[in-house]
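Source file: model-v8.csv. Holds: CSV, C-alpha atoms.
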chain,number,residue,atom,x,y,z
A,511,MET,CA,-6.1,-23.8,13.1
A,512,SER,CA,-5.9,-21.8,9.9
A,513,VAL,CA,-7.9,-23.1,6.8
A,514,THR,CA,-7.3,-22.9,3.1
A,515,PRO,CA,-7.3,-19.3,2.0
A,516,ARG,CA,-10.2,-17.8,0.1
A,517,SER,CA,-8.8,-16.1,-3.0
A,518,TRP,CA,-10.2,-13.7,-5.6
A,519,ARG,CA,-9.4,-10.5,-7.5
A,520,ALA,CA,-10.3,-7.0,-6.4
A,521,LEU,CA,-8.9,-3.5,-6.7
A,522,GLY,CA,-6.5,-4.8,-9.4
A,523,SER,CA,-4.9,-7.1,-6.9
A,524,ASN,CA,-4.9,-10.7,-5.6
A,525,VAL,CA,-7.0,-11.0,-2.5
A,526,GLN,CA,-6.2,-13.8,0.0
A,527,LEU,CA,-8.2,-14.3,3.2
A,528,VAL,CA,-7.3,-16.8,5.9
A,529,VAL,CA,-9.3,-17.5,9.0
A,530,THR,CA,-8.5,-19.7,12.0
A,531,HIS,CA,-12.1,-21.1,12.2
A,532,ALA,CA,-13.5,-22.7,9.1
A,533,GLU,CA,-17.1,-21.7,10.0
A,534,ALA,CA,-16.0,-18.0,9.9
A,535,ALA,CA,-14.7,-18.2,6.4
A,536,GLU,CA,-18.0,-17.3,4.6
A,537,PRO,CA,-19.1,-14.3,6.8
A,538,ALA,CA,-15.5,-13.0,6.9
A,539,ALA,CA,-15.2,-13.2,3.1
A,540,LEU,CA,-18.5,-11.4,2.7
A,541,ALA,CA,-17.4,-8.6,5.0
A,542,VAL,CA,-14.2,-8.2,3.1
A,543,ARG,CA,-16.0,-8.1,-0.2
A,544,GLU,CA,-18.3,-5.3,1.1
A,545,VAL,CA,-15.3,-3.2,2.3
A,546,LEU,CA,-13.5,-3.6,-1.0
A,547,ALA,CA,-16.6,-2.7,-3.0
A,548,ALA,CA,-16.9,0.4,-1.0
A,549,VAL,CA,-13.3,1.3,-1.4
A,550,ASP,CA,-13.5,0.8,-5.2
A,551,ALA,CA,-16.5,3.0,-5.5
A,552,THR,CA,-15.0,5.7,-3.2
A,553,TYR,CA,-11.4,6.2,-4.2
A,554,SER,CA,-10.5,4.2,-7.3
A,555,ARG,CA,-8.8,6.5,-9.8
A,556,PHE,CA,-9.6,4.1,-12.6
A,557,ARG,CA,-13.4,4.7,-12.3
A,558,PRO,CA,-14.7,8.0,-13.7
A,559,ASP,CA,-17.7,7.6,-11.4
A,560,SER,CA,-15.7,7.1,-8.2
A,561,GLU,CA,-16.0,9.8,-5.5
A,562,LEU,CA,-12.3,10.5,-5.8
A,563,SER,CA,-12.6,11.1,-9.6
A,564,ARG,CA,-15.5,13.6,-8.9
A,565,LEU,CA,-13.4,15.3,-6.2
A,566,ASN,CA,-10.4,15.7,-8.6
A,567,ALA,CA,-12.8,17.2,-11.2
A,568,GLN,CA,-13.9,19.8,-8.6
A,569,ALA,CA,-10.4,21.0,-7.7
A,570,GLY,CA,-10.5,24.7,-6.8
A,571,ARG,CA,-13.7,24.3,-4.8
A,572,ARG,CA,-14.3,23.1,-1.2
A,573,THR,CA,-16.1,19.8,-1.4
A,574,ARG,CA,-17.7,17.7,1.4
A,575,VAL,CA,-16.6,14.1,1.1
A,576,SER,CA,-17.8,10.8,2.6
A,577,PRO,CA,-16.4,9.5,5.9
A,578,LEU,CA,-14.4,6.8,4.0
A,579,LEU,CA,-12.8,9.2,1.5
A,580,ALA,CA,-12.1,11.6,4.3
A,581,GLN,CA,-10.3,8.8,6.2
A,582,ALA,CA,-8.4,7.8,3.1
A,583,ILE,CA,-7.2,11.3,2.4
A,584,GLY,CA,-6.4,11.8,6.1
A,585,GLU,CA,-4.2,8.7,6.0
A,586,ALA,CA,-2.5,9.8,2.8
A,587,LEU,CA,-1.7,13.3,4.3
A,588,ARG,CA,-0.4,11.7,7.5
A,589,GLY,CA,1.9,9.5,5.4
A,590,SER,CA,3.2,12.6,3.7
A,591,ARG,CA,4.0,14.2,7.1
A,592,LEU,CA,5.6,11.1,8.4
A,593,SER,CA,7.8,10.5,5.4
A,594,GLY,CA,8.9,14.1,4.9
A,595,GLY,CA,7.0,14.2,1.6
A,596,ALA,CA,8.5,11.0,0.1
A,597,VAL,CA,4.9,9.7,0.0
A,598,ASP,CA,2.6,12.2,-1.5
A,599,PRO,CA,-1.0,11.9,-2.7
A,600,THR,CA,-0.7,14.8,-5.2
A,601,VAL,CA,1.1,12.5,-7.7
A,602,GLY,CA,-2.1,12.0,-9.6
A,603,ARG,CA,-1.1,14.0,-12.7
A,604,ALA,CA,2.4,12.6,-12.6
A,605,ILE,CA,1.2,9.0,-12.5
A,606,ARG,CA,-1.0,9.6,-15.6
A,607,ARG,CA,1.9,11.5,-17.3
A,608,ILE,CA,4.1,8.4,-17.1
A,609,GLY,CA,1.4,6.2,-18.6
A,610,TYR,CA,-0.3,4.6,-15.5
A,611,GLU,CA,-3.8,6.0,-16.3
A,612,ARG,CA,-5.7,2.8,-16.5
A,613,ASP,CA,-5.8,-0.6,-14.7
A,614,PHE,CA,-2.4,-2.1,-14.8
A,615,SER,CA,-3.6,-5.2,-16.8
A,616,LEU,CA,-4.3,-2.8,-19.7
A,617,ILE,CA,-1.0,-0.8,-19.6
A,618,ALA,CA,0.8,-3.3,-21.8
A,619,GLU,CA,-1.2,-2.1,-24.7
A,620,GLN,CA,0.6,1.3,-24.6
A,621,ARG,CA,3.9,1.0,-26.5
A,622,GLY,CA,4.6,4.5,-27.8
A,623,PRO,CA,7.6,6.5,-26.5
A,624,LEU,CA,7.3,9.3,-24.0
A,625,LYS,CA,9.4,12.4,-23.7
A,626,LEU,CA,9.5,13.2,-20.0
A,627,THR,CA,11.3,15.9,-18.0
A,628,ALA,CA,11.6,16.2,-14.2
A,629,GLU,CA,8.7,18.2,-12.8
A,630,ARG,CA,8.1,18.5,-9.0
A,631,ILE,CA,4.6,17.6,-8.0
A,632,PRO,CA,2.3,20.2,-6.4
A,633,GLY,CA,2.8,18.9,-2.9
A,634,TRP,CA,0.6,17.5,-0.1
A,635,GLN,CA,0.7,20.8,1.8
A,636,LEU,CA,-1.8,22.3,-0.8
A,637,VAL,CA,-4.5,19.8,0.3
A,638,GLU,CA,-6.7,21.0,3.1
A,639,LEU,CA,-8.9,18.5,5.0
A,640,ASP,CA,-11.2,19.3,7.9
A,641,PRO,CA,-11.7,16.0,9.6
A,642,ILE,CA,-14.8,17.2,11.4
A,643,SER,CA,-16.8,18.7,8.6
A,644,ARG,CA,-15.1,16.5,6.0
A,645,LEU,CA,-14.5,19.4,3.7
A,646,VAL,CA,-11.6,19.1,1.3
A,647,SER,CA,-10.1,21.9,-0.8
A,648,MET,CA,-7.1,21.9,-3.2
A,649,PRO,CA,-6.1,24.3,-6.0
A,650,MET,CA,-7.0,23.8,-9.6
A,651,GLY,CA,-4.6,21.4,-11.3
A,652,VAL,CA,-4.0,19.3,-8.2
A,653,GLU,CA,-5.0,15.6,-8.7
A,654,LEU,CA,-5.1,13.1,-5.8
A,655,ASP,CA,-4.0,9.5,-6.2
A,656,LEU,CA,-4.5,7.3,-3.1
A,657,GLY,CA,-3.3,4.1,-4.6
A,658,SER,CA,-0.5,3.5,-2.2
A,659,THR,CA,-1.9,4.2,1.3
A,660,GLY,CA,-5.4,3.5,0.0
A,661,LYS,CA,-4.8,-0.2,-0.7
A,662,ALA,CA,-3.2,-0.6,2.7
A,663,LEU,CA,-6.1,1.1,4.4
A,664,ALA,CA,-8.4,-1.3,2.6
A,665,ALA,CA,-6.5,-4.2,4.1
A,666,ASP,CA,-6.7,-2.7,7.6
A,667,LEU,CA,-10.4,-2.0,7.3
A,668,GLY,CA,-11.2,-5.4,5.6
A,669,ALA,CA,-9.4,-7.3,8.3
A,670,ALA,CA,-11.2,-5.4,11.1
A,671,GLU,CA,-14.6,-6.0,9.5
A,672,ALA,CA,-13.8,-9.7,8.8
A,673,MET,CA,-12.9,-10.1,12.4
A,674,LYS,CA,-16.2,-8.6,13.5
A,675,ALA,CA,-18.1,-11.0,11.2
A,676,ALA,CA,-16.1,-14.0,12.3
A,677,GLY,CA,-16.8,-13.3,16.0
A,678,ARG,CA,-13.8,-15.3,17.2
A,679,GLY,CA,-10.4,-16.6,16.2
A,680,GLY,CA,-8.1,-14.7,13.9
A,681,ILE,CA,-8.0,-13.2,10.4
A,682,LEU,CA,-5.2,-12.6,7.9
A,683,LEU,CA,-6.0,-10.5,4.9
A,684,SER,CA,-3.6,-9.9,2.0
A,685,LEU,CA,-4.3,-7.3,-0.8
A,686,GLY,CA,-1.6,-7.8,-3.3
A,687,GLY,CA,1.0,-8.3,-0.6
A,688,ASP,CA,-0.3,-5.6,1.8
A,689,ILE,CA,-1.2,-7.7,4.8
A,690,ALA,CA,-3.3,-6.9,7.9
A,691,VAL,CA,-4.1,-9.3,10.7
A,692,ALA,CA,-6.7,-9.2,13.4
A,693,GLY,CA,-7.9,-11.2,16.3
A,694,GLU,CA,-6.0,-14.2,17.8
A,695,PRO,CA,-3.3,-15.6,15.6
A,696,PRO,CA,-2.6,-19.3,15.2
A,697,LYS,CA,-0.1,-20.8,17.6
A,698,GLY,CA,3.3,-19.5,16.8
A,699,GLY,CA,1.9,-16.7,14.7
A,700,TRP,CA,0.9,-16.3,11.0
A,701,ARG,CA,3.5,-17.7,8.6
A,702,VAL,CA,4.0,-15.2,5.8
A,703,LEU,CA,6.2,-15.6,2.7
A,704,VAL,CA,8.0,-12.3,2.0
A,705,ALA,CA,8.6,-12.1,-1.8
A,706,GLU,CA,9.0,-9.4,-4.4
A,707,ASP,CA,5.9,-10.6,-6.3
A,708,SER,CA,2.7,-11.1,-4.3
A,709,THR,CA,1.6,-13.8,-6.8
A,710,VAL,CA,4.4,-16.1,-5.8
A,711,PRO,CA,2.9,-19.3,-4.3
A,712,PRO,CA,3.4,-20.0,-0.5
A,713,ASP,CA,6.2,-22.5,-1.3
A,714,GLY,CA,7.9,-20.1,-3.7
A,715,GLU,CA,11.2,-18.2,-3.5
A,716,GLY,CA,11.5,-15.7,-0.6
A,717,GLN,CA,11.8,-15.6,3.2
A,718,THR,CA,9.2,-16.9,5.6
A,719,ILE,CA,8.6,-15.0,8.8
A,720,ARG,CA,5.9,-15.0,11.5
A,721,ILE,CA,3.7,-12.1,12.6
A,722,THR,CA,1.2,-12.0,15.4
A,723,SER,CA,-0.3,-8.6,15.0
A,724,GLY,CA,-0.3,-5.4,13.0
A,725,GLY,CA,0.5,-5.2,9.3
A,726,LEU,CA,3.1,-6.0,6.7
A,727,ALA,CA,3.6,-4.2,3.4
A,728,THR,CA,6.0,-4.5,0.5
A,729,SER,CA,6.7,-1.8,-2.0
A,730,SER,CA,8.6,-2.9,-5.1
A,731,ILE,CA,9.6,-1.5,-8.5
A,732,THR,CA,10.0,-5.0,-10.0
A,733,VAL,CA,6.4,-6.0,-10.6
A,734,ARG,CA,4.3,-3.1,-11.9
A,735,ARG,CA,6.6,-2.1,-14.8
A,736,TRP,CA,5.9,-1.2,-18.3
A,737,GLN,CA,7.8,-0.1,-21.4
A,738,ARG,CA,7.3,3.3,-23.2
A,739,GLY,CA,9.7,3.4,-26.1
A,740,SER,CA,13.1,2.8,-24.7
A,741,GLU,CA,12.1,3.9,-21.2
A,742,GLU,CA,11.1,1.4,-18.5
A,743,MET,CA,8.5,2.8,-16.1
A,744,HIS,CA,7.2,1.7,-12.7
A,745,HIS,CA,4.5,2.9,-10.4
A,746,ILE,CA,6.4,4.5,-7.5
A,747,VAL,CA,6.8,8.2,-8.2
A,748,ASP,CA,9.5,10.4,-6.6
A,749,PRO,CA,7.6,13.6,-5.6
A,750,ALA,CA,10.8,15.6,-6.2
A,751,THR,CA,10.8,14.8,-9.9
A,752,GLY,CA,7.4,13.5,-10.8
A,753,LEU,CA,9.2,10.5,-12.4
A,754,PRO,CA,9.6,6.9,-11.4
A,755,ALA,CA,11.9,6.7,-8.3
A,756,ARG,CA,15.5,5.8,-9.2
A,757,GLY,CA,16.8,4.8,-5.8
A,758,ALA,CA,19.1,2.2,-4.3
A,759,TRP,CA,16.3,-0.4,-3.5
A,760,ARG,CA,14.1,-2.4,-5.8
A,761,THR,CA,12.0,-3.9,-3.0
A,762,VAL,CA,11.3,-2.9,0.7
A,763,THR,CA,9.2,-4.8,3.2
A,764,VAL,CA,8.2,-3.3,6.5
A,765,ALA,CA,6.3,-4.4,9.6
A,766,ALA,CA,4.3,-1.9,11.6
A,767,VAL,CA,1.4,-1.7,13.9
A,768,THR,CA,-1.0,-1.2,10.9
A,769,CYS,CA,-0.7,-2.0,7.2
A,770,VAL,CA,-1.0,1.7,6.4
A,771,ASP,CA,2.0,2.5,8.6
A,772,ALA,CA,4.0,-0.3,7.0
A,773,ASN,CA,3.1,0.8,3.5
A,774,ILE,CA,4.0,4.4,4.2
A,775,ALA,CA,7.4,3.4,5.4
A,776,ALA,CA,8.0,0.8,2.6
A,777,THR,CA,7.1,3.3,-0.2
A,778,ALA,CA,9.1,6.1,1.4
A,779,ALA,CA,12.1,3.8,1.7
A,780,VAL,CA,12.0,3.1,-2.0
A,781,VAL,CA,11.9,6.8,-2.8
A,782,ARG,CA,14.5,7.8,-0.2
A,783,GLY,CA,17.1,5.4,-1.6
A,784,GLU,CA,20.4,5.2,0.2
A,785,GLN,CA,19.1,7.0,3.2
A,786,ALA,CA,16.2,4.6,3.7
A,787,LEU,CA,17.9,2.1,6.1
A,788,GLU,CA,19.0,4.8,8.5
A,789,TRP,CA,15.6,6.4,8.4
A,790,LEU,CA,13.7,3.2,9.1
A,791,GLU,CA,16.0,2.4,12.0
A,792,ALA,CA,15.5,5.9,13.4
A,793,ILE,CA,11.7,5.5,13.5
A,794,GLY,CA,12.0,2.0,15.0
A,795,LEU,CA,10.6,-0.2,12.2
A,796,ASP,CA,11.7,-3.7,11.2
A,797,ALA,CA,12.5,-4.0,7.5
A,798,ARG,CA,14.0,-6.1,4.8
A,799,LEU,CA,15.4,-4.2,1.8
A,800,ILE,CA,16.6,-5.7,-1.5
A,801,ALA,CA,19.1,-3.6,-3.5
A,802,LEU,CA,19.0,-3.2,-7.3
A,803,ASP,CA,21.8,-5.8,-7.5
A,804,GLY,CA,19.9,-8.3,-5.3
A,805,ARG,CA,21.8,-7.8,-2.1
A,806,VAL,CA,19.6,-8.0,1.0
A,807,ALA,CA,19.8,-5.6,4.0
A,808,TYR,CA,17.9,-5.7,7.3
A,809,GLY,CA,16.7,-3.0,9.6
A,810,GLY,CA,15.7,-3.3,13.3
A,811,ARG,CA,15.0,-6.8,14.5
A,812,TRP,CA,14.1,-8.4,11.1
A,813,PRO,CA,15.4,-12.0,11.2
A,814,ALA,CA,18.2,-13.1,8.9
A,815,GLU,CA,17.4,-15.2,5.9
A,816,SER,CA,18.6,-18.3,7.6
A,817,SER,CA,16.0,-18.1,10.4
A,818,SER,CA,12.2,-18.2,10.4
A,819,GLY,CA,11.9,-15.6,13.2
A,820,SER,CA,9.0,-13.4,14.3
A,821,VAL,CA,8.7,-9.7,13.3
A,822,ARG,CA,7.0,-7.7,16.0
A,823,PRO,CA,5.5,-4.3,15.2
A,824,PRO,CA,6.0,-1.3,17.6
A,825,ILE,CA,3.4,-1.2,20.4
A,826,ARG,CA,2.3,2.3,19.5
A,827,ARG,CA,0.9,3.5,16.2
A,828,THR,CA,3.0,6.1,14.4
A,829,THR,CA,1.2,9.4,14.4

Could the structure of this file be written out as structure tokens, please?
Amino acid sequence: MSVTPRSWRALGSNVQLVVTHAEAAEPAALAVREVLAAVDATYSRFRPDSELSRLNAQAGRRTRVSPLLAQAIGEALRGSRLSGGAVDPTVGRAIRRIGYERDFSLIAEQRGPLKLTAERIPGWQLVELDPISRLVSMPMGVELDLGSTGKALAADLGAAEAMKAAGRGGILLSLGGDIAVAGEPPKGGWRVLVAEDSTVPPDGEGQTIRITSGGLATSSITVRRWQRGSEEMHHIVDPATGLPARGAWRTVTVAAVTCVDANIAATAAVVRGEQALEWLEAIGLDARLIALDGRVAYGGRWPAESSSGSVRPPIRRTT
């Protein structure tokens, strides 16, 4: 039986950890905290002393990176291949250009106007990673940002390590709405509220579904928004323009075999716009999409709002 969630803040997000055995809560939470601390030190772009910041400063040279950073970059590049470039880690300079250059809680202080023009980002194909030697190379001027797939990877890694520490039962870990589960779920599956804002309480507005394995991720332009002059900005960048995506969907939630896969698909759907639903169905993922005007669409076997059905990720991981 699940117990009251452990909650705290990390990586600029709300963290919620739920376990099925009360005695596992403390070791599981410790394991998650260790993973998140390692992630923060390794690929936070808000820390000048992070390994990612040092790598970006050494663009133009081949650099050997840690196993964790190599894994994070590898997942980001895989996301680029799977999404046809709709998700791209070379958005670092573009993200800073639109004003998201510090922790989101501090962005509200920036009120000045921006004069922005469309500018295609460098492109993930310019980043070379040797997974064996862990050598990374990219041209001068290329700046990596792993904020999207990186948080989802942290959820997957954190859930896995929490499960090892727990030793039995099941684990649900949410990082700002990026959810990963591990082990044996509660009877009937984990009940999850799908909402546009991850800070909404469990009894808040949204749809409740059940998941038994894999991951769930939500990408939305409704929460991390800020004003620069007369322009309203958000954090999901369209690689084709280097500007905030202006597609047909304001929020997309996807279920997949890992949280990383779910996040890749959800973010790509926001960027792809009107083509997103057809694309999601072609790759066999269940999804819930909210249009700019509030209308809701469903992909795959996602249950209708009137039901509290289960969402089952594909058996195989997308490669």

Could you produce a table of the residues of range 653-676 of chain A lying within 9 Å of range 595-608 of chain A, with the nearest pair of atoms per residue and their separation in Å rounded to one decimal, using all atoms listed in the file, ordered by chain and increasing residue number, as a Markdown table?
| residue | atom | partner | partner_atom | distance |
| --- | --- | --- | --- | --- |
| A:Glu653 | CA | A:Gly602 | CA | 4.7 |
| A:Leu654 | CA | A:Thr600 | CA | 4.8 |
| A:Asp655 | CA | A:Gly602 | CA | 4.6 |
| A:Leu656 | CA | A:Pro599 | CA | 5.8 |
| A:Gly657 | CA | A:Pro599 | CA | 8.4 |
| A:Ser658 | CA | A:Pro599 | CA | 8.4 |
| A:Thr659 | CA | A:Pro599 | CA | 8.7 |

In Å and to one decimal, CA of Pro649 in chain A is distant from CA of Ala551 in chain A by 23.7 Å

Can you list, as number ranges by chain, every protein, DNA or RNA residue that comes within 8 Å of Pro641 in chain A when you count all atoms listed in the file, leaving out same-chain residues fewer than 3 positions away? A: 580, 584, 644-645

(message) Here is a test: counting only C-alpha atoms, which residue of A:Arg811, A:Arg805, A:Arg557, A:Arg571 is nearest to Gly651 in chain A?
(response)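 Once distances to Gly651 in chain A are computed over only C-alpha atoms, the minimum belongs to A:Arg571.
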
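The smallest atom-to-atom distance between Gly698 in chain A and any of A:Leu685, A:Ile721, A:Gly680, A:Ala778, using only C-alpha atoms, is found for A:Ile721.
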
Mind listing as a PDB file with C-alpha atoms, in the coordinates of the input all residues within 6 Å of (-0.7, -3.0, 15.8), counting all atoms listed in the file?
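The new file out-v4.pdb reads:
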ATOM      1  CA  SER A 723      -0.300  -8.600  15.000  1.00  0.00           C
ATOM      2  CA  GLY A 724      -0.300  -5.400  13.000  1.00  0.00           C
ATOM      3  CA  VAL A 767       1.400  -1.700  13.900  1.00  0.00           C
ATOM      4  CA  THR A 768      -1.000  -1.200  10.900  1.00  0.00           C
TER       5      THR A 768
END

Fill in: Counting all atoms listed in the file, the option among A:Ala772, A:Leu703, A:Ala672, A:Ile583 closest to Glu536 in chain A
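Using all atoms listed in the file, the shortest distance to Glu536 in chain A belongs to A:Ala672.
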
Requested in this report: Show which residues sit within 12 Å of Ala692 in chain A, as a count of residues only. Count all atoms listed in the file, and ignore same-chain residues fewer than 3 positions away.
Outcome: 38

List as a compact mmCIF listing (two decimals) with C-alpha atoms, keeping the file's coordinate frame the protein and nucleic acid residues near Ala779 in chain A, meaning an atom at most 10 Å away when all atoms listed in the file are counted, but skip any in the same chain fewer than 6 places from it.
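Result saved to out-v2.txt:
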# COMPACT_ATOMS: atom_id res chain seq x y z
CA SER A 593 7.80 10.50 5.40
CA ALA A 596 8.50 11.00 0.10
CA VAL A 597 4.90 9.70 0.00
CA SER A 729 6.70 -1.80 -2.00
CA GLY A 757 16.80 4.80 -5.80
CA ALA A 758 19.10 2.20 -4.30
CA TRP A 759 16.30 -0.40 -3.50
CA ARG A 760 14.10 -2.40 -5.80
CA THR A 761 12.00 -3.90 -3.00
CA VAL A 762 11.30 -2.90 0.70
CA THR A 763 9.20 -4.80 3.20
CA VAL A 764 8.20 -3.30 6.50
CA ASN A 773 3.10 0.80 3.50
CA GLN A 785 19.10 7.00 3.20
CA ALA A 786 16.20 4.60 3.70
CA LEU A 787 17.90 2.10 6.10
CA GLU A 788 19.00 4.80 8.50
CA TRP A 789 15.60 6.40 8.40
CA LEU A 790 13.70 3.20 9.10
CA ALA A 797 12.50 -4.00 7.50
CA LEU A 799 15.40 -4.20 1.80

- Message: One decimal, in Å: what's the spacing between CA of Gly716 in chain A and CA of Val691 in chain A?
- Response: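 So the two atoms, CA of Gly716 in chain A and CA of Val691 in chain A, lie 20.3 Å apart.
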
re CA of Ala534 in chain A and CA of Lys697 in chain A: distance 17.9 Å

Selection: 8 Å around Leu546 in chain A, only C-alpha atoms, excl. self and same-chain fewer than 3 positions, as a short mmCIF file (atom, residue, chain, number, x, y, z; two decimals) with C-alpha atoms, in the frame of the given file:
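Below is the file that was written, around_7.cif:
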data_model
loop_
_atom_site.label_atom_id
_atom_site.label_comp_id
_atom_site.auth_asym_id
_atom_site.auth_seq_id
_atom_site.Cartn_x
_atom_site.Cartn_y
_atom_site.Cartn_z
CA ALA A 520 -10.30 -7.00 -6.40
CA LEU A 521 -8.90 -3.50 -6.70
CA VAL A 542 -14.20 -8.20 3.10
CA ARG A 543 -16.00 -8.10 -0.20
CA VAL A 549 -13.30 1.30 -1.40
CA ASP A 550 -13.50 0.80 -5.20
CA ALA A 664 -8.40 -1.30 2.60
CA GLY A 668 -11.20 -5.40 5.60
#
